[in-house]
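Chemist: Pasting coords.cif below, which is mmCIF, C-alpha atoms.
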data_structure
#
loop_
_atom_site.label_atom_id
_atom_site.label_comp_id
_atom_site.auth_asym_id
_atom_site.auth_seq_id
_atom_site.Cartn_x
_atom_site.Cartn_y
_atom_site.Cartn_z
CA MET D 202 52.78 1.42 -6.60
CA LYS D 203 53.80 4.96 -5.70
CA LYS D 204 56.42 5.06 -2.93
CA ILE D 205 54.82 7.09 -0.14
CA PHE D 206 57.01 6.32 2.86
CA GLU D 207 59.72 8.91 2.10
CA ASP D 208 57.38 11.78 3.00
CA THR D 209 58.83 12.83 6.35
CA GLU D 210 56.77 16.02 6.58
CA THR D 211 53.58 13.92 6.78
CA ALA D 212 55.26 11.23 8.91
CA PHE D 213 56.40 13.58 11.67
CA ALA D 214 53.80 16.35 11.42
CA LEU D 215 52.65 15.77 15.01
CA LYS D 216 56.16 15.93 16.48
CA SER D 217 57.49 19.19 17.88
CA ASP D 218 61.14 19.99 17.24
CA SER D 219 62.06 18.81 20.74
CA GLU D 220 60.14 15.53 20.29
CA LEU D 221 61.88 15.00 16.95
CA GLU D 222 65.25 15.57 18.63
CA ARG D 223 64.39 13.10 21.41
CA ALA D 224 63.37 10.46 18.86
CA TYR D 225 66.59 11.02 16.89
CA PHE D 226 68.68 10.69 20.07
CA LEU D 227 66.85 7.53 21.23
CA PHE D 228 67.16 5.67 17.93
CA LYS D 229 70.84 6.63 17.64
CA MET D 230 71.30 5.06 21.09
CA ILE D 231 69.23 1.96 20.22
CA ALA D 232 71.34 1.45 17.08
CA ASN D 233 74.29 0.73 19.39
CA GLU D 234 73.73 -2.89 20.49
CA PRO D 235 76.33 -2.97 23.31
CA LEU D 236 74.88 0.26 24.68
CA VAL D 237 71.36 -1.24 24.70
CA ARG D 238 72.54 -4.31 26.59
CA ILE D 239 74.44 -2.21 29.14
CA GLY D 240 71.49 0.19 29.50
CA SER D 241 69.05 -2.69 30.02
CA ALA D 242 71.27 -4.23 32.71
CA ILE D 243 71.70 -0.90 34.50
CA THR D 244 67.94 -0.23 34.39
CA ASN D 245 67.13 -3.67 35.80
CA PHE D 246 69.68 -3.15 38.57
CA ALA D 247 68.32 0.33 39.37
CA PHE D 248 64.78 -1.00 39.76
CA LYS D 249 65.84 -3.96 41.89
CA ALA D 250 67.90 -1.61 44.09
CA HIS D 251 64.89 0.75 44.32
CA LEU D 252 66.88 3.66 42.94
CA PRO D 253 64.80 6.75 41.96
CA VAL D 254 65.10 6.46 38.18
CA ASP D 255 61.38 6.55 37.28
CA LYS D 256 61.36 10.23 36.29
CA LEU D 257 64.40 9.87 34.03
CA ILE D 258 62.91 6.84 32.26
CA ARG D 259 59.50 8.52 32.03
CA ALA D 260 61.01 11.60 30.34
CA THR D 261 62.95 9.60 27.76
CA VAL D 262 62.24 6.07 26.58
CA PHE D 263 58.87 5.65 28.35
CA ASP D 264 57.20 8.75 26.91
CA HIS D 265 58.51 7.91 23.44
CA PHE D 266 57.18 4.35 23.33
CA CYS D 267 54.22 4.52 25.77
CA GLY D 268 51.00 6.48 26.12
CA GLY D 269 51.09 6.88 29.91
CA VAL D 270 50.80 5.13 33.24
CA ASN D 271 47.03 4.55 32.96
CA GLU D 272 44.30 4.61 30.33
CA PHE D 273 43.29 8.23 31.05
CA ASP D 274 46.91 9.32 30.71
CA CYS D 275 46.80 8.02 27.10
CA LEU D 276 43.87 10.13 25.93
CA PRO D 277 45.82 13.26 24.81
CA THR D 278 48.03 11.05 22.63
CA VAL D 279 45.00 9.13 21.32
CA ASP D 280 43.22 12.35 20.36
CA LYS D 281 46.36 13.89 18.88
CA MET D 282 47.02 10.93 16.55
CA TYR D 283 43.36 10.71 15.56
CA ARG D 284 43.59 14.24 14.15
CA LYS D 285 45.72 12.57 11.46
CA ASN D 286 43.30 9.60 11.22
CA VAL D 287 45.66 7.25 13.03
CA CYS D 288 43.77 5.18 15.61
CA SER D 289 45.09 3.69 18.84
CA VAL D 290 45.03 0.24 20.42
CA LEU D 291 45.39 0.68 24.19
CA ASP D 292 47.75 -2.08 25.29
CA TYR D 293 48.10 -2.71 29.03
CA SER D 294 51.73 -3.81 28.73
CA VAL D 295 52.31 -5.30 32.16
CA GLU D 296 53.99 -8.69 31.70
CA GLY D 297 52.15 -11.86 32.76
CA LYS D 298 52.08 -12.71 36.47
CA GLU D 299 51.99 -16.04 38.28
CA THR D 300 49.32 -15.34 40.91
CA GLU D 301 45.58 -14.88 40.62
CA HIS D 302 45.23 -11.28 41.84
CA PRO D 303 47.23 -9.61 39.01
CA LEU D 304 45.38 -11.81 36.48
CA ASP D 305 42.06 -10.47 37.73
CA LEU D 306 43.45 -6.92 37.66
CA ALA D 307 44.45 -7.45 34.01
CA LEU D 308 40.91 -8.64 33.26
CA ASP D 309 39.42 -5.56 34.93
CA MET D 310 41.74 -3.30 32.94
CA VAL D 311 40.83 -4.87 29.58
CA LEU D 312 37.11 -4.64 30.42
CA LYS D 313 37.61 -0.94 31.18
CA VAL D 314 39.47 -0.45 27.89
CA LEU D 315 36.55 -2.09 26.05
CA ASP D 316 34.32 0.68 27.40
CA PHE D 317 36.82 3.21 26.01
CA VAL D 318 36.71 1.44 22.65
CA LYS D 319 32.94 1.70 22.52
CA GLU D 320 33.00 5.40 23.41
CA LYS D 321 35.82 6.56 21.13
CA ASP D 322 36.10 6.03 17.38
CA ALA D 323 39.82 6.72 17.83
CA ILE D 324 40.20 3.38 19.70
CA PRO D 325 38.81 0.63 17.40
CA PHE D 326 40.31 -2.41 19.18
CA ALA D 327 41.06 -3.75 22.65
CA VAL D 328 43.91 -6.21 23.22
CA PHE D 329 45.30 -8.66 25.78
CA LYS D 330 47.95 -11.36 26.14
CA PRO D 331 46.89 -14.93 27.04
CA THR D 332 49.40 -14.96 29.90
CA GLY D 333 47.77 -11.79 31.20
CA TYR D 334 44.79 -14.07 31.99
CA GLY D 335 46.53 -17.27 33.09
CA ARG D 336 49.87 -18.73 34.14
CA PHE D 337 52.33 -19.52 31.34
CA ALA D 338 53.06 -22.94 32.89
CA LEU D 339 49.37 -23.85 32.72
CA PHE D 340 49.11 -22.98 29.01
CA LYS D 341 52.33 -24.97 28.46
CA LYS D 342 51.06 -28.07 30.27
CA ILE D 343 47.81 -28.09 28.26
CA SER D 344 49.73 -27.51 25.01
CA GLU D 345 51.86 -30.57 25.82
CA GLY D 346 48.72 -32.66 26.26
CA LYS D 347 49.43 -33.44 29.92
CA SER D 348 46.66 -34.18 32.42
CA LEU D 349 45.79 -31.41 34.84
CA THR D 350 45.37 -31.89 38.57
CA ASP D 351 42.01 -31.01 40.11
CA THR D 352 43.48 -27.72 41.31
CA GLU D 353 44.81 -26.95 37.82
CA GLN D 354 41.45 -27.87 36.26
CA ALA D 355 39.77 -25.31 38.50
CA GLU D 356 42.49 -22.77 37.65
CA TRP D 357 42.01 -23.37 33.92
CA GLY D 358 38.29 -22.88 34.39
CA ARG D 359 39.04 -19.40 35.73
CA VAL D 360 41.26 -18.67 32.72
CA VAL D 361 38.48 -19.73 30.33
CA ALA D 362 36.01 -17.59 32.29
CA ARG D 363 38.29 -14.53 31.92
CA PHE D 364 38.54 -15.10 28.16
CA ASP D 365 34.80 -15.61 27.84
CA LYS D 366 33.87 -12.58 29.91
CA THR D 367 36.13 -10.37 27.78
CA CYS D 368 35.00 -11.79 24.42
CA LYS D 369 31.32 -11.60 25.41
CA LYS D 370 31.67 -7.95 26.39
CA ALA D 371 33.46 -7.19 23.10
CA HIS D 372 30.65 -8.97 21.24
CA ASP D 373 27.90 -7.18 23.16
CA LEU D 374 29.55 -3.79 22.55
CA ASP D 375 30.24 -4.74 18.89
CA VAL D 376 33.94 -3.88 19.10
CA SER D 377 36.95 -5.93 18.04
CA LEU D 378 39.38 -7.71 20.35
CA LEU D 379 42.98 -8.62 19.48
CA ILE D 380 44.55 -11.51 21.41
CA ASP D 381 48.33 -11.59 21.22
CA SER D 382 50.42 -14.69 20.60
CA GLU D 383 53.36 -15.86 22.68
CA GLU D 384 55.96 -18.65 22.72
CA SER D 385 55.21 -21.70 20.56
CA TRP D 386 55.28 -24.17 23.46
CA MET D 387 52.23 -22.57 25.07
CA GLN D 388 50.43 -21.44 21.92
CA ASP D 389 48.41 -24.59 21.12
CA ALA D 390 46.32 -24.16 24.27
CA ALA D 391 45.79 -20.47 23.50
CA ASP D 392 44.86 -21.24 19.88
CA ALA D 393 42.24 -23.81 20.91
CA LEU D 394 40.70 -21.45 23.45
CA ILE D 395 40.62 -18.53 21.00
CA GLU D 396 38.99 -20.77 18.35
CA ASP D 397 36.27 -21.60 20.85
CA MET D 398 35.72 -17.86 21.39
CA MET D 399 35.53 -17.31 17.61
CA ARG D 400 32.91 -20.05 17.24
CA LYS D 401 30.87 -18.42 19.97
CA TYR D 402 31.25 -14.72 19.19
CA ASN D 403 32.27 -14.42 15.52
CA GLN D 404 29.00 -15.66 14.05
CA LYS D 405 28.30 -12.50 12.00
CA LYS D 406 31.65 -10.68 11.86
CA ALA D 407 35.18 -10.89 13.22
CA ILE D 408 35.05 -9.73 16.84
CA VAL D 409 37.76 -12.01 18.27
CA PHE D 410 41.18 -11.91 16.54
CA ASN D 411 43.95 -14.44 17.07
CA THR D 412 47.58 -13.51 16.30
CA LEU D 413 49.77 -15.51 13.91
CA GLN D 414 53.54 -15.14 14.18
CA MET D 415 54.65 -15.78 10.62
CA TYR D 416 58.28 -16.45 11.50
CA ARG D 417 56.86 -19.87 12.36
CA TRP D 418 56.89 -22.04 9.23
CA ASP D 419 53.80 -24.00 10.36
CA ARG D 420 51.42 -21.03 10.70
CA MET D 421 50.33 -21.03 7.06
CA ASP D 422 48.99 -24.57 7.42
CA TYR D 423 47.31 -23.56 10.68
CA LEU D 424 45.60 -20.63 8.92
CA LYS D 425 44.27 -22.86 6.13
CA GLY D 426 43.02 -25.40 8.67
CA LEU D 427 41.30 -22.63 10.64
CA LYS D 428 39.55 -21.42 7.48
CA SER D 429 38.22 -24.96 6.87
CA LYS D 430 36.88 -25.08 10.44
CA ALA D 431 35.26 -21.66 10.02
CA GLU D 432 33.49 -22.70 6.83
CA LYS D 433 32.36 -25.98 8.39
CA ASP D 434 31.17 -24.47 11.69
CA GLY D 435 29.88 -21.18 10.28
CA PHE D 436 32.00 -18.50 11.97
CA LYS D 437 34.19 -15.61 10.85
CA ILE D 438 37.94 -15.38 11.48
CA GLY D 439 39.91 -12.42 12.78
CA ILE D 440 43.69 -12.59 12.35
CA LYS D 441 46.45 -10.23 13.37
CA ALA D 442 49.47 -11.20 11.26
CA VAL D 443 52.93 -10.34 12.61
CA ARG D 444 56.42 -11.63 11.97
CA GLY D 445 57.15 -12.57 15.60
CA ALA D 446 58.85 -11.50 18.80
CA TYR D 447 60.57 -14.50 20.41
CA MET D 448 62.99 -15.76 17.75
CA GLU D 449 66.15 -16.11 19.84
CA LYS D 450 64.26 -17.78 22.68
CA GLU D 451 62.53 -20.18 20.24
CA ASN D 452 65.77 -21.23 18.54
CA GLU D 453 67.65 -21.65 21.83
CA ARG D 454 64.93 -23.82 23.35
CA ALA D 455 64.66 -26.00 20.23
CA GLU D 456 68.42 -26.61 20.29
CA GLU D 457 68.44 -27.26 24.03
CA LYS D 458 65.48 -29.69 23.89
CA GLY D 459 66.59 -31.35 20.64
CA TYR D 460 63.55 -30.70 18.44
CA PRO D 461 63.34 -28.91 15.05
CA THR D 462 63.02 -25.17 15.47
CA PRO D 463 59.56 -23.81 14.58
CA ILE D 464 61.22 -20.68 13.16
CA CYS D 465 61.80 -20.14 9.43
CA ALA D 466 65.39 -20.72 8.32
CA SER D 467 65.96 -17.11 7.21
CA LYS D 468 64.48 -13.64 7.31
CA GLN D 469 63.69 -13.99 3.59
CA GLU D 470 61.60 -17.09 4.31
CA THR D 471 59.81 -15.27 7.13
CA ASP D 472 59.07 -12.32 4.83
CA ALA D 473 57.73 -14.67 2.14
CA ASN D 474 55.62 -16.55 4.71
CA PHE D 475 54.13 -13.28 6.02
CA ASP D 476 53.29 -12.05 2.53
CA ARG D 477 51.75 -15.42 1.56
CA ALA D 478 49.51 -15.31 4.62
CA VAL D 479 48.39 -11.74 3.86
CA GLU D 480 47.65 -12.66 0.24
CA TYR D 481 45.64 -15.71 1.36
CA MET D 482 43.59 -13.60 3.78
CA VAL D 483 42.89 -10.88 1.20
CA GLU D 484 41.68 -13.59 -1.18
CA ASN D 485 39.31 -14.85 1.53
CA LEU D 486 37.92 -11.60 2.97
CA ASP D 487 34.44 -13.10 2.98
CA VAL D 488 35.63 -15.29 5.89
CA ILE D 489 38.76 -13.58 7.26
CA SER D 490 39.39 -10.04 8.54
CA LEU D 491 43.03 -8.93 8.67
CA PHE D 492 45.05 -6.74 11.01
CA ALA D 493 48.51 -6.54 9.37
CA GLY D 494 50.93 -5.72 12.17
CA THR D 495 54.12 -4.88 10.32
CA HIS D 496 56.95 -2.36 10.21
CA ASN D 497 58.15 -3.78 6.90
CA GLU D 498 57.67 -1.29 4.05
CA ASP D 499 57.70 -3.95 1.32
CA SER D 500 54.94 -5.92 3.04
CA CYS D 501 52.84 -2.76 3.36
CA TYR D 502 53.30 -1.96 -0.32
CA ARG D 503 52.39 -5.56 -1.21
CA LEU D 504 49.14 -5.34 0.77
CA MET D 505 48.34 -1.99 -0.85
CA GLU D 506 48.92 -3.56 -4.29
CA LEU D 507 46.67 -6.51 -3.47
CA MET D 508 43.89 -4.17 -2.39
CA GLU D 509 44.27 -2.15 -5.59
CA GLU D 510 44.31 -5.28 -7.78
CA LYS D 511 41.14 -6.61 -6.17
CA GLN D 512 39.48 -3.18 -6.11
CA ILE D 513 39.17 -3.20 -2.34
CA ALA D 514 38.55 0.26 -0.90
CA ASN D 515 41.44 1.72 1.14
CA ASP D 516 39.14 2.02 4.16
CA ASP D 517 37.52 -1.42 3.90
CA PRO D 518 36.76 -2.29 7.57
CA ARG D 519 38.08 -5.85 7.11
CA ILE D 520 41.70 -4.67 6.56
CA TRP D 521 43.83 -2.73 9.04
CA PHE D 522 47.50 -1.80 9.12
CA GLY D 523 49.17 -1.66 12.54
CA GLN D 524 52.46 -0.40 13.97
CA LEU D 525 53.82 0.23 17.45
CA TYR D 526 53.67 3.70 18.95
CA GLY D 527 57.05 5.42 18.75
CA MET D 528 58.12 3.47 15.67
CA SER D 529 57.56 3.59 11.90
CA ASP D 530 55.65 6.88 11.84
CA HIS D 531 56.65 7.15 8.18
CA ILE D 532 54.46 4.08 7.52
CA SER D 533 51.53 4.84 9.84
CA PHE D 534 50.92 8.49 9.03
CA ASN D 535 51.54 8.20 5.29
CA LEU D 536 49.11 5.26 5.09
CA SER D 537 46.44 7.16 7.04
CA ASP D 538 47.04 10.19 4.79
CA LYS D 539 46.04 7.97 1.83
CA GLY D 540 42.84 6.81 3.54
CA TYR D 541 43.92 3.36 4.81
CA ASN D 542 42.80 2.05 8.21
CA VAL D 543 45.77 2.44 10.57
CA ALA D 544 46.13 1.79 14.30
CA LYS D 545 49.11 2.28 16.58
CA TYR D 546 49.62 -0.08 19.53
CA LEU D 547 49.79 2.35 22.47
CA PRO D 548 51.29 0.62 25.54
CA PHE D 549 50.51 1.91 29.02
CA GLY D 550 51.01 0.92 32.64
CA PRO D 551 53.15 1.79 35.69
CA VAL D 552 56.71 2.68 34.62
CA ARG D 553 58.36 -0.17 36.52
CA ASP D 554 55.83 -2.76 35.35
CA VAL D 555 56.19 -1.73 31.70
CA MET D 556 60.01 -1.81 31.68
CA PRO D 557 60.26 -5.48 30.56
CA TYR D 558 58.19 -4.48 27.51
CA LEU D 559 60.43 -1.47 26.80
CA ILE D 560 63.61 -3.51 27.15
CA ARG D 561 62.22 -6.09 24.72
CA ARG D 562 61.38 -3.30 22.25
CA ALA D 563 64.95 -2.00 22.43
CA ASP D 564 66.40 -5.52 22.02
CA GLU D 565 64.15 -6.19 19.02
CA ASN D 566 65.16 -2.92 17.35
CA THR D 567 68.85 -3.76 17.65
CA SER D 568 68.28 -7.27 16.22
CA VAL D 569 66.22 -6.25 13.18
CA ALA D 570 68.72 -5.38 10.50
CA GLY D 571 68.04 -1.98 8.97
CA GLN D 572 65.04 -1.10 11.16
CA THR D 573 66.79 1.35 13.46
CA THR D 574 69.06 2.66 10.71
CA ARG D 575 65.96 3.50 8.67
CA GLU D 576 64.36 5.33 11.60
CA VAL D 577 67.53 7.39 12.15
CA ALA D 578 67.82 8.25 8.44
CA LEU D 579 64.22 9.47 8.20
CA LEU D 580 64.48 11.51 11.41
CA LYS D 581 67.71 13.02 10.10
CA LYS D 582 65.98 13.88 6.83
CA GLU D 583 63.15 15.64 8.68
CA ARG D 584 65.61 17.53 10.91
CA LYS D 585 67.32 18.76 7.76
CA ARG D 586 63.98 19.75 6.19
CA ARG D 587 63.10 21.75 9.30
CA LYS D 588 66.65 23.15 9.46
CA ILE D 589 67.06 21.97 13.07
#
Output the structure of this file as structure tokens.

Modeler:
Amino acid sequence: MKKIFEDTETAFALKSDSELERAYFLFKMIANEPLVRIGSAITNFAFKAHLPVDKLIRATVFDHFCGGVNEFDCLPTVDKMYRKNVCSVLDYSVEGKETEHPLDLALDMVLKVLDFVKEKDAIPFAVFKPTGYGRFALFKKISEGKSLTDTEQAEWGRVVARFDKTCKKAHDLDVSLLIDSEESWMQDAADALIEDMMRKYNQKKAIVFNTLQMYRWDRMDYLKGLKSKAEKDGFKIGIKAVRGAYMEKENERAEEKGYPTPICASKQETDANFDRAVEYMVENLDVISLFAGTHNEDSCYRLMELMEEKQIANDDPRIWFGQLYGMSDHISFNLSDKGYNVAKYLPFGPVRDVMPYLIRRADENTSVAGQTTREVALLKKERKRRKI
């Protein structure tokens, strides 16, 4: 397999010199773990103290990792990336709330994004988080198999209605819908609900996609069980495969509560688990459609090899590669240049509401060995090529 990810000219073709410099500066900062922790603490304090820091954040970290404060704000970025055949997934990245009003606002936003998806080829998917539609504690209680009170039963009915309204609209518009995964102790309830949506709306093709975090050692068995259900009940499966985003929290809770951690014992085991899942899905494309959400170059090359071995066209609609906006442009734009289906997750929302997402992104970058170093090295290489 030809190594394509070193081509920085293709990777950063859309970046002006000033944008390249900003990216280089940001990733150099993110590479410094103590600095990230201090910066996160200062930002949280500034927001709680109502200090006027929005413009500073907007001009730096927000504009690098986000598309804008609303869906219309994102359109110039969406159109710009689509010139290089990189699509966008508009992600309303406001963290889950505990009251009904914000949950209904999240529903309204996703329904609006679905209309965008239908209108623009550049936006092939919509996305939402389960806790954008219902309280975390409610998903947790159902996952633990506990009985709900009458009030909670009515509340859960509203959660199901939000899921169903969204999935039905996606089905009626014939566009795909990615549903994110979250912490393991609430995921069983989300999985069961998403399976119900698949049975209902994935009769002919994958409209509804669940997300599997492959740093969990049990997800491969779950995937195989889901395939058996799909064959028995006659529906298609949509899966977004990722490594995972809550590792420290998962391990800490398992130790605190005294149960075996659901997380693989090492990064190598996680990588192997991810690649096994991707291979299994490629072997079962008649039933499963795959959105491979990964910033790992080796996993991308492995998927490319599998497609070549099985003579699957680069642009087969059942296989997509996905990365986050502001990261891994060397993967996204070089894949799209070779004709693969690629989509960038493009977060948006009010600056203050999106900050928890941005802080998590920074924390994740510092904790993934080699990720930030690789970004810095490639940006440095492109600066040198441009003689900046």

Chemist: Of the candidates D:Gln414, D:Asn403, D:Thr261, D:Asn286, which one gets nearest to Asn474 in chain D if we count all atoms listed in the file?

Modeler: D:Gln414

Chemist: Provide the CA of Cys275 in chain D to CA of Ser289 in chain D distance in Å, to one decimal place.

Modeler: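 Spanning CA of Cys275 in chain D to CA of Ser289 in chain D is a straight-line distance of 9.5 Å.
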
Chemist: Measure the distance from CA of Leu315 in chain D to CA of Gly333 in chain D in Å and round it to one decimal.

Modeler: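 Calculated distance between CA of Leu315 in chain D and CA of Gly333 in chain D is 15.7 Å.
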
Chemist: So which one's closest to Asn271 in chain D, D:Thr574, D:Val295, D:Val361, D:Ser533? Using all atoms listed in the file, please.

Modeler: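 Smallest separation from Asn271 in chain D among the options: D:Val295.
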
Chemist: Would you work out the distance separating CA of Asp351 in chain D from CA of Tyr334 in chain D, expressed in Å to one decimal?

Modeler: 19.0 Å

Chemist: Check which residues satisfy the PyMOL selection byres ((chain D and resi 272) around 10) in the file shown, then give them as a PyMOL selection string.

Modeler: chain D and resi 268-271+273-276+291-293+310+313-314+317+547-550

Chemist: D:Leu491, D:Ile343, D:Val479, D:Ala212: which is nearest Arg503 in chain D, counting all atoms listed in the file?

Modeler: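 Nearest candidate to Arg503 in chain D out of D:Leu491, D:Ile343, D:Val479, D:Ala212: D:Val479.
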
Chemist: So which residues touch Ile408 in chain D within 8 Å, counting all atoms listed in the file, skipping near sequence neighbours fewer than 2 positions away, as a list in words?

Modeler: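 The residues satisfying every condition are Cys368, Ala371, His372, Asp375, Val376, Ser377, Leu378, Met399, Tyr402, Asn403, Lys406, Phe410 and Gly439 of chain D.
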
Chemist: Any chance you could resolve the PyMOL selection byres ((chain D and resi 529) around 10) against this file and give the residues as a list in words?

Modeler: Phe206, Ala212, Thr495, His496, Asn497, Glu498, Gly523, Gln524, Leu525, Tyr526, Gly527, Met528, Asp530, His531, Ile532, Ser533, Phe534, Lys545, Gln572, Thr573, Arg575, Glu576 and Leu579 of chain D

Chemist: I need the residue nearest Asn515 in chain D from this list: D:Arg336, D:Arg223, D:Lys539, D:Lys256. Use only C-alpha atoms for the distance.

Modeler: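 Counting only C-alpha atoms, the residue closest to Asn515 in chain D is D:Lys539.
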
Chemist: Using the chain letters and residue numbers of this document, give as a list in words the residues selected by the PyMOL selection byres ((chain D and resi 447) around 10).

Modeler: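 Taken on the displayed file, the PyMOL selection byres ((chain D and resi 447) around 10) yields the residues Glu383, Glu384, Ser385, Gln414, Tyr416, Arg444, Gly445, Ala446, Met448, Glu449, Lys450, Glu451, Asn452, Ile464, Arg561 and Glu565 of chain D.
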
Chemist: Nearest to Ile258 in chain D: which of D:Lys468, D:Trp386, D:Val488, D:Leu227 is it, counting all atoms listed in the file?

Modeler: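 Ranked by minimum distance to Ile258 in chain D, first place goes to D:Leu227.
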
Chemist: I need the residue nearest Asp373 in chain D from this list: D:Glu220, D:Ile438, D:Asn411, D:Leu312. Use all atoms listed in the file for the distance.

Modeler: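 Among the listed residues, D:Leu312 lies closest to Asp373 in chain D.
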